[in-house]
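The data block below is model13.tsv; it holds TSV, C-alpha atoms (C1' of nucleotides).
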```tsv
chain	number	residue	atom	x	y	z
A	1	MET	CA	88.49	91.58	85.33
A	2	CYS	CA	88.86	87.95	84.39
A	3	ASN	CA	87.78	85.30	86.85
A	4	HIS	CA	90.54	82.73	86.68
A	5	HIS	CA	92.61	83.93	89.60
A	6	THR	CA	92.72	80.53	91.21
A	7	GLU	CA	94.23	78.99	88.12
A	8	HIS	CA	97.08	81.42	87.82
A	9	THR	CA	98.20	82.82	91.11
A	10	GLY	CA	101.11	84.81	89.89
A	11	SER	CA	101.80	85.85	86.37
A	12	GLY	CA	98.48	84.90	84.82
A	13	SER	CA	97.67	83.08	81.60
A	14	CYS	CA	94.10	84.13	80.89
A	15	GLY	CA	95.22	87.55	79.81
A	16	SER	CA	95.94	90.08	82.46
A	17	PRO	CA	94.51	91.26	85.72
A	18	ALA	CA	94.64	94.77	84.35
A	19	GLY	CA	96.40	95.83	81.25
A	20	ARG	CA	94.22	97.60	78.77
A	21	MET	CA	93.34	101.23	78.79
A	22	LEU	CA	90.08	102.63	77.60
A	23	GLY	CA	90.43	104.01	74.09
A	24	PHE	CA	94.12	103.30	73.67
A	25	ILE	CA	93.90	101.90	70.17
A	26	GLN	CA	91.58	104.75	69.18
A	27	ALA	CA	94.40	107.12	70.01
A	28	TRP	CA	96.77	105.06	67.89
A	29	LEU	CA	94.31	105.12	65.01
A	30	LEU	CA	94.18	108.91	65.01
A	31	LEU	CA	97.93	109.12	65.32
A	32	LEU	CA	98.41	106.80	62.34
A	33	LEU	CA	95.94	108.87	60.33
A	34	VAL	CA	97.73	112.08	61.22
A	35	LYS	CA	100.83	110.65	59.64
A	36	GLU	CA	99.08	109.40	56.53
A	37	SER	CA	95.56	108.79	55.26
A	38	ALA	CA	94.73	105.12	54.96
A	39	HIS	CA	91.94	102.61	54.70
A	40	GLY	CA	90.82	100.21	57.39
A	41	TYR	CA	92.69	97.18	56.23
A	42	GLN	CA	95.95	99.13	56.06
A	43	LEU	CA	95.44	100.44	59.57
A	44	LEU	CA	94.75	96.92	60.74
A	45	ASP	CA	98.04	95.81	59.20
A	46	ARG	CA	99.98	98.62	60.80
A	47	LEU	CA	98.48	98.05	64.22
A	48	ASN	CA	99.40	94.39	63.93
A	49	GLN	CA	103.02	95.29	63.32
A	50	SER	CA	103.48	96.51	66.88
A	51	GLU	CA	103.26	94.40	70.01
A	52	ASP	CA	101.51	97.31	71.71
A	53	THR	CA	98.57	97.34	69.34
A	54	LYS	CA	98.38	93.95	67.68
A	55	GLY	CA	95.45	91.58	67.69
A	56	ILE	CA	92.68	94.14	67.42
A	57	ASP	CA	89.30	92.95	66.21
A	58	PRO	CA	88.56	94.09	62.62
A	59	GLY	CA	84.91	94.61	63.44
A	60	PHE	CA	85.87	96.91	66.24
A	61	LEU	CA	88.24	98.83	64.02
A	62	TYR	CA	85.73	99.44	61.26
A	63	ARG	CA	83.04	100.36	63.74
A	64	THR	CA	85.40	102.78	65.42
A	65	LEU	CA	86.30	104.44	62.13
A	66	ARG	CA	82.63	104.94	61.23
A	67	GLN	CA	82.06	106.34	64.69
A	68	PHE	CA	84.97	108.73	64.22
A	69	GLU	CA	83.41	109.87	60.98
A	70	GLU	CA	80.01	110.47	62.58
A	71	GLU	CA	81.76	112.60	65.16
A	72	GLY	CA	83.69	114.52	62.54
A	73	LEU	CA	87.13	113.34	63.61
A	74	VAL	CA	87.82	111.78	60.21
A	75	LYS	CA	86.25	111.84	56.78
A	76	SER	CA	86.23	109.10	54.20
A	77	SER	CA	86.08	108.63	50.45
A	78	TRP	CA	86.06	105.57	48.24
A	79	ASP	CA	89.18	104.48	46.45
A	80	VAL	CA	88.08	102.39	43.49
A	81	GLU	CA	91.45	102.11	41.77
A	82	GLY	CA	93.77	99.19	42.23
A	83	ARG	CA	92.93	95.54	42.65
A	84	GLY	CA	90.26	94.03	44.83
A	85	PRO	CA	87.11	95.67	46.18
A	86	ALA	CA	86.82	99.38	46.83
A	87	ARG	CA	88.53	100.78	49.88
A	88	ARG	CA	87.13	103.44	52.14
A	89	VAL	CA	90.04	105.81	52.66
A	90	TYR	CA	90.05	107.75	55.90
A	91	GLU	CA	91.59	111.16	56.34
A	92	ILE	CA	91.86	112.97	59.67
A	93	THR	CA	90.07	116.32	60.07
A	94	PRO	CA	91.23	119.39	62.04
A	95	ASP	CA	88.75	118.35	64.75
A	96	GLY	CA	90.34	114.93	64.74
A	97	VAL	CA	93.79	116.43	65.24
A	98	GLU	CA	92.55	118.56	68.10
A	99	TYR	CA	90.92	115.56	69.64
A	100	LEU	CA	94.13	113.60	69.32
A	101	HIS	CA	95.90	116.34	71.27
A	102	ALA	CA	93.32	116.16	74.05
A	103	TRP	CA	93.60	112.40	74.01
A	104	ALA	CA	97.35	112.52	74.30
A	105	GLY	CA	96.96	114.81	77.29
A	106	HIS	CA	94.75	112.30	79.03
A	107	ILE	CA	97.10	109.48	78.20
A	108	ARG	CA	99.91	111.50	79.70
A	109	SER	CA	98.01	112.03	82.93
A	110	THR	CA	96.97	108.39	83.07
A	111	ARG	CA	100.60	107.45	82.70
A	112	GLU	CA	101.45	109.71	85.62
A	113	ARG	CA	98.70	108.15	87.71
A	114	LEU	CA	100.08	104.71	86.99
A	115	GLY	CA	103.49	105.99	87.98
A	116	ARG	CA	102.20	107.18	91.32
A	117	PHE	CA	100.59	103.81	91.93
A	118	LEU	CA	103.82	102.02	91.13
A	119	GLN	CA	105.81	104.30	93.41
A	120	THR	CA	103.52	103.56	96.32
A	121	TYR	CA	103.58	99.89	95.49
A	122	GLU	CA	107.34	99.70	95.21
A	123	SER	CA	108.09	101.77	98.26
A	124	HIS	CA	105.86	99.47	100.30
A	125	PHE	CA	107.47	96.26	99.16
A	126	LYS	CA	111.01	97.58	99.40
A	127	LEU	CA	110.53	98.22	103.10
A	128	GLN	CA	108.97	94.79	103.44
A	129	THR	CA	111.87	92.93	101.84
A	130	THR	CA	114.53	94.52	104.05
A	131	GLU	CA	112.57	93.46	107.10
A	132	LYS	CA	111.68	90.00	105.93
A	133	GLY	CA	114.78	89.27	103.87
A	134	GLY	CA	112.81	88.07	100.83
B	1	MET	CA	84.41	106.42	74.40
B	2	CYS	CA	82.00	109.22	75.08
B	3	ASN	CA	80.13	110.75	72.17
B	4	HIS	CA	80.35	114.46	72.79
B	5	HIS	CA	83.34	115.25	70.66
B	6	THR	CA	81.58	117.98	68.76
B	7	GLU	CA	80.83	119.82	71.97
B	8	HIS	CA	84.35	119.92	73.23
B	9	THR	CA	86.94	119.93	70.53
B	10	GLY	CA	89.95	120.35	72.71
B	11	SER	CA	90.16	119.70	76.38
B	12	GLY	CA	86.84	117.98	76.93
B	13	SER	CA	84.15	118.46	79.55
B	14	CYS	CA	82.21	115.21	79.43
B	15	GLY	CA	85.01	113.37	81.12
B	16	SER	CA	87.88	112.31	78.98
B	17	PRO	CA	88.46	110.81	75.60
B	18	ALA	CA	90.52	108.14	77.30
B	19	GLY	CA	91.68	108.18	80.85
B	20	ARG	CA	90.67	105.17	82.83
B	21	MET	CA	92.45	101.89	82.96
B	22	LEU	CA	90.79	98.56	83.43
B	23	GLY	CA	91.03	97.49	87.02
B	24	PHE	CA	93.08	100.40	88.28
B	25	ILE	CA	91.12	100.95	91.45
B	26	GLN	CA	91.12	97.21	92.11
B	27	ALA	CA	94.89	97.39	92.22
B	28	TRP	CA	94.68	100.27	94.67
B	29	LEU	CA	92.26	98.32	96.83
B	30	LEU	CA	94.65	95.40	97.13
B	31	LEU	CA	97.53	97.76	97.81
B	32	LEU	CA	95.59	99.50	100.59
B	33	LEU	CA	94.70	96.13	102.09
B	34	VAL	CA	98.30	95.00	101.97
B	35	LYS	CA	99.17	97.96	104.16
B	36	GLU	CA	96.32	97.42	106.60
B	37	SER	CA	93.11	95.43	106.86
B	38	ALA	CA	90.03	97.59	106.60
B	39	HIS	CA	86.33	97.60	105.93
B	40	GLY	CA	84.62	98.93	102.82
B	41	TYR	CA	83.66	102.30	104.16
B	42	GLN	CA	87.23	102.98	105.29
B	43	LEU	CA	88.60	102.00	101.91
B	44	LEU	CA	86.08	104.29	100.28
B	45	ASP	CA	87.30	107.13	102.48
B	46	ARG	CA	90.94	106.48	101.69
B	47	LEU	CA	90.34	106.26	97.98
B	48	ASN	CA	88.50	109.57	98.14
B	49	GLN	CA	91.51	111.23	99.70
B	50	SER	CA	93.53	110.97	96.50
B	51	GLU	CA	92.75	112.71	93.23
B	52	ASP	CA	93.85	109.56	91.43
B	53	THR	CA	91.20	107.35	92.97
B	54	LYS	CA	88.42	109.57	94.22
B	55	GLY	CA	84.78	109.42	93.27
B	56	ILE	CA	84.41	105.66	93.07
B	57	ASP	CA	80.94	104.21	93.31
B	58	PRO	CA	80.29	102.52	96.68
B	59	GLY	CA	78.23	99.81	95.03
B	60	PHE	CA	81.11	99.01	92.77
B	61	LEU	CA	83.53	98.93	95.68
B	62	TYR	CA	81.48	96.52	97.77
B	63	ARG	CA	80.78	94.32	94.79
B	64	THR	CA	84.47	94.24	93.98
B	65	LEU	CA	85.39	93.26	97.52
B	66	ARG	CA	82.90	90.37	97.51
B	67	GLN	CA	84.27	89.30	94.16
B	68	PHE	CA	87.80	89.39	95.57
B	69	GLU	CA	86.64	87.18	98.40
B	70	GLU	CA	85.02	84.67	96.05
B	71	GLU	CA	88.30	84.50	94.21
B	72	GLY	CA	90.31	84.06	97.38
B	73	LEU	CA	92.23	87.33	97.13
B	74	VAL	CA	90.85	88.59	100.42
B	75	LYS	CA	88.91	87.17	103.35
B	76	SER	CA	86.45	88.92	105.57
B	77	SER	CA	85.08	88.81	109.08
B	78	TRP	CA	82.49	90.86	110.94
B	79	ASP	CA	83.54	93.54	113.34
B	80	VAL	CA	80.64	94.07	115.70
B	81	GLU	CA	82.42	96.33	118.19
B	82	GLY	CA	82.27	100.08	118.08
B	83	ARG	CA	79.40	102.34	117.12
B	84	GLY	CA	77.03	101.91	114.19
B	85	PRO	CA	76.21	98.77	112.26
B	86	ALA	CA	78.60	95.86	111.94
B	87	ARG	CA	81.49	96.23	109.54
B	88	ARG	CA	82.84	93.55	107.27
B	89	VAL	CA	86.59	93.75	107.72
B	90	TYR	CA	88.69	92.63	104.77
B	91	GLU	CA	92.14	91.16	105.03
B	92	ILE	CA	94.34	90.30	102.07
B	93	THR	CA	95.39	86.67	101.55
B	94	PRO	CA	98.72	85.36	100.23
B	95	ASP	CA	96.95	84.76	96.91
B	96	GLY	CA	95.85	88.37	97.00
B	97	VAL	CA	99.40	89.57	97.53
B	98	GLU	CA	100.64	87.44	94.67
B	99	TYR	CA	97.89	88.76	92.50
B	100	LEU	CA	98.80	92.31	93.42
B	101	HIS	CA	102.34	91.64	92.25
B	102	ALA	CA	101.10	90.34	88.92
B	103	TRP	CA	98.80	93.32	88.68
B	104	ALA	CA	101.62	95.75	89.35
B	105	GLY	CA	103.60	94.06	86.59
B	106	HIS	CA	100.82	94.64	84.12
B	107	ILE	CA	100.41	98.21	85.24
B	108	ARG	CA	104.11	98.72	84.70
B	109	SER	CA	103.95	97.38	81.16
B	110	THR	CA	100.85	99.41	80.42
B	111	ARG	CA	102.69	102.49	81.60
B	112	GLU	CA	105.52	101.65	79.22
B	113	ARG	CA	103.08	101.19	76.36
B	114	LEU	CA	101.59	104.59	77.06
B	115	GLY	CA	105.11	106.02	77.10
B	116	ARG	CA	105.83	104.57	73.68
B	117	PHE	CA	102.63	106.08	72.35
B	118	LEU	CA	103.51	109.48	73.76
B	119	GLN	CA	107.01	109.31	72.29
B	120	THR	CA	105.63	108.61	68.84
B	121	TYR	CA	103.04	111.31	69.29
B	122	GLU	CA	105.51	113.92	70.48
B	123	SER	CA	108.16	113.18	67.94
B	124	HIS	CA	105.60	113.60	65.20
B	125	PHE	CA	104.32	116.94	66.39
B	126	LYS	CA	107.74	118.33	67.20
B	127	LEU	CA	108.73	117.98	63.56
B	128	GLN	CA	105.42	119.49	62.53
B	129	THR	CA	105.77	122.60	64.70
B	130	THR	CA	109.21	123.52	63.41
B	131	GLU	CA	107.85	123.37	59.88
B	132	LYS	CA	104.58	125.15	60.56
B	133	GLY	CA	105.79	127.54	63.25
B	134	GLY	CA	103.03	126.70	65.75
C	1	DT	C1'	80.61	79.31	38.16
C	2	DC	C1'	83.05	78.18	41.94
C	3	DA	C1'	86.41	79.07	45.33
C	4	DT	C1'	89.54	82.53	47.17
C	5	DC	C1'	91.39	86.82	48.53
C	6	DT	C1'	90.71	91.48	49.95
C	7	DA	C1'	87.92	94.69	52.31
C	8	DT	C1'	84.09	96.35	54.92
C	9	DA	C1'	80.34	95.64	57.97
C	10	DT	C1'	76.76	93.72	61.29
C	11	DG	C1'	74.61	90.83	65.09
C	12	DA	C1'	74.93	88.83	69.42
C	13	DC	C1'	76.96	88.87	73.45
C	14	DC	C1'	79.77	89.67	77.72
C	15	DT	C1'	81.73	92.30	81.36
C	16	DA	C1'	83.29	96.41	83.75
C	17	DG	C1'	81.63	100.21	85.63
C	18	DT	C1'	77.66	103.65	86.85
C	19	DC	C1'	73.36	105.26	88.81
C	20	DA	C1'	69.78	104.76	91.75
C	21	DT	C1'	68.04	102.72	95.55
C	22	DA	C1'	67.27	99.17	99.22
C	23	DT	C1'	68.46	97.26	103.65
C	24	DA	C1'	69.83	97.32	108.36
C	25	DA	C1'	71.79	98.56	112.76
C	26	DT	C1'	72.65	102.07	115.89
C	27	DA	C1'	72.35	106.73	118.03
C	28	DG	C1'	70.09	110.73	119.32
C	29	DA	C1'	65.92	113.89	119.45
C	30	DC	C1'	61.72	114.42	121.57
D	1	DG	C1'	58.81	104.20	122.23
D	2	DT	C1'	59.11	105.90	117.47
D	3	DC	C1'	61.08	109.04	114.19
D	4	DT	C1'	64.96	110.66	111.86
D	5	DA	C1'	69.89	110.75	110.82
D	6	DT	C1'	74.15	108.43	110.34
D	7	DT	C1'	77.04	104.62	109.23
D	8	DA	C1'	77.69	100.65	106.54
D	9	DT	C1'	76.69	97.13	103.22
D	10	DA	C1'	74.31	95.49	99.30
D	11	DT	C1'	71.34	94.84	95.00
D	12	DG	C1'	68.83	95.94	90.51
D	13	DA	C1'	68.88	98.00	86.23
D	14	DC	C1'	71.35	99.83	82.83
D	15	DT	C1'	75.11	101.57	79.58
D	16	DA	C1'	79.18	101.38	76.97
D	17	DG	C1'	83.44	99.41	75.44
D	18	DG	C1'	85.12	95.63	73.51
D	19	DT	C1'	85.05	90.60	71.59
D	20	DC	C1'	83.56	86.75	68.78
D	21	DA	C1'	81.37	85.00	65.03
D	22	DT	C1'	79.68	85.75	60.76
D	23	DA	C1'	77.72	88.28	56.72
D	24	DT	C1'	78.39	90.91	52.51
D	25	DA	C1'	80.58	92.04	48.30
D	26	DG	C1'	83.75	92.95	44.57
D	27	DA	C1'	87.94	91.16	42.10
D	28	DT	C1'	90.71	87.29	40.63
D	29	DG	C1'	91.85	82.95	38.85
D	30	DA	C1'	91.06	77.79	38.29
```

Can you present the structure in this file as structure tokens?
Amino acid sequence: MCNHHTEHTGSGSCGSPAGRMLGFIQAWLLLLLVKESAHGYQLLDRLNQSEDTKGIDPGFLYRTLRQFEEEGLVKSSWDVEGRGPARRVYEITPDGVEYLHAWAGHIRSTRERLGRFLQTYESHFKLQTTEKGG
Amino acid sequence: MCNHHTEHTGSGSCGSPAGRMLGFIQAWLLLLLVKESAHGYQLLDRLNQSEDTKGIDPGFLYRTLRQFEEEGLVKSSWDVEGRGPARRVYEITPDGVEYLHAWAGHIRSTRERLGRFLQTYESHFKLQTTEKGG
DNA sequence: TCATCTATATGACCTAGTCATATAATAGAC
DNA sequence: GTCTATTATATGACTAGGTCATATAGATGA
């Protein structure tokens, strides 16, 4: 949690009171790799094309990919062809696909949990507004 | 992310690949306090009554409440009456209510982001299954 | 050979959350 | 009275996820 509440009572400028979800971009990475093998820089580009995933730290991305490889979720090989320095091309493994499925399941249940929170929240404040008139 | 992938390719036993959301229980705390002032131990009890919020660390809860107070989201007073040691009773402030609203907004948008991920995920694997037959 | 672009990687750090444990008041056993 | 259990709050130490800054290195062109 950020500590600038006093400076932004309301919508917040320092980021968000709560917005990120643990491992969300990791899930996106695996999903992108399921569609097509790619190297880090490409993945970075693609993530930056969506509002949902943009702005991710390159260091974090590369570290995550190496971690995935250690865990057997992806495997990599060097692509020396083309211009510029060599690229480490990542390909998802069967384990990685399975893991993506599990991950999607958890994301689904998290989404449901958030839904239940919002229902409670909204039902509370709807009753309030009819009594207080806004 | 936990590092036990190899031991649970599939549904996962070490917890989850990704399930928690930053500040989720904080949002619940403020929501509970909006409904009724309470002390830490009560809040702990109430959180433990729902699958969505159970199992939270008491130390974390108390620390969070003190943090909220520092930030002006809640204020506290001692309740000396009744049995047992004194209780610090927390009451939400107008700032806290405003902050809860902002928080709910972010939770809503997070939920939508998760929905977009799941749509992409599902649409990909639906096409796959018709081709591969399961 | 120097700067620049592309691509990958590492070091230092910060914060949220966890685990274990301390503190303290009160109640009841005896 | 004092010992233990219960209720309630709090702190210390640590871990992990993520961020920020920066390093490395090959290819390209001035």

- Nearest residue to chain C from the set B:Gly40, B:Gly55, B:Gly105, B:Gly115 (distances using only C-alpha atoms (C1' of nucleotides)):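 Using only C-alpha atoms (C1' of nucleotides), chain C sits closest to B:Gly55.
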
Go through chain C and flag each residue having an atom no more than 12 Å from chain A; for those, report the closest pair of atoms plus their distance in Å to one decimal, using all atoms listed in the file, ordered by chain and rising number, as a tab-separated table.
```
residue	atom	partner	partner_atom	distance
C:DT4	C1'	A:Gly84	CA	11.8
C:DC5	C1'	A:Gly84	CA	8.2
C:DT6	C1'	A:Gly84	CA	5.7
C:DA7	C1'	A:Pro85	CA	6.3
C:DT8	C1'	A:Tyr62	CA	7.2
C:DA9	C1'	A:Gly59	CA	7.2
C:DT10	C1'	A:Gly59	CA	8.5
C:DG11	C1'	A:Gly59	CA	11.1
C:DC14	C1'	A:Cys2	CA	11.4
C:DT15	C1'	A:Met1	CA	7.9
C:DA16	C1'	A:Met1	CA	7.3
C:DG17	C1'	A:Met1	CA	11.0
```

- Item | atom CA of A:Ile25 to atom CA of A:Thr93, straight-line distance in Å |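 Taking atom CA of A:Thr93 and atom CA of A:Ile25, their separation equals 18.0 Å.
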
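Using all atoms listed in the file, one finds that the residues of chain D close to chain A, at 9 Å or less, are DG17, DG18, DT19, DC20, DA25, DG26, DA27 and DT28 of chain D.
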
I need the chosen residues saved as a PDB file, in the coordinates of the input, with C-alpha atoms (C1' of nucleotides).
```pdb
ATOM      1  C1'  DG D  17      83.440  99.410  75.440  1.00  0.00           C
ATOM      2  C1'  DG D  18      85.120  95.630  73.510  1.00  0.00           C
ATOM      3  C1'  DT D  19      85.050  90.600  71.590  1.00  0.00           C
ATOM      4  C1'  DC D  20      83.560  86.750  68.780  1.00  0.00           C
ATOM      5  C1'  DA D  25      80.580  92.040  48.300  1.00  0.00           C
ATOM      6  C1'  DG D  26      83.750  92.950  44.570  1.00  0.00           C
ATOM      7  C1'  DA D  27      87.940  91.160  42.100  1.00  0.00           C
ATOM      8  C1'  DT D  28      90.710  87.290  40.630  1.00  0.00           C
TER       9       DT D  28
END
```

Where does stretch 88-108 of chain B meet stretch 65-75 of chain B within 12 Å, residue by residue, with the nearest atom pair and distance in Å to one decimal for each, counting only C-alpha atoms, listed by chain and rising number, as a tab-separated table?
```
residue	atom	partner	partner_atom	distance
B:Arg88	CA	B:Lys75	CA	9.6
B:Val89	CA	B:Lys75	CA	8.2
B:Tyr90	CA	B:Lys75	CA	5.6
B:Glu91	CA	B:Lys75	CA	5.4
B:Ile92	CA	B:Val74	CA	4.2
B:Thr93	CA	B:Val74	CA	5.1
B:Pro94	CA	B:Leu73	CA	7.5
B:Asp95	CA	B:Leu73	CA	5.4
B:Gly96	CA	B:Leu73	CA	3.8
B:Val97	CA	B:Leu73	CA	7.5
B:Glu98	CA	B:Leu73	CA	8.8
B:Tyr99	CA	B:Leu73	CA	7.5
B:Leu100	CA	B:Leu73	CA	9.0
```
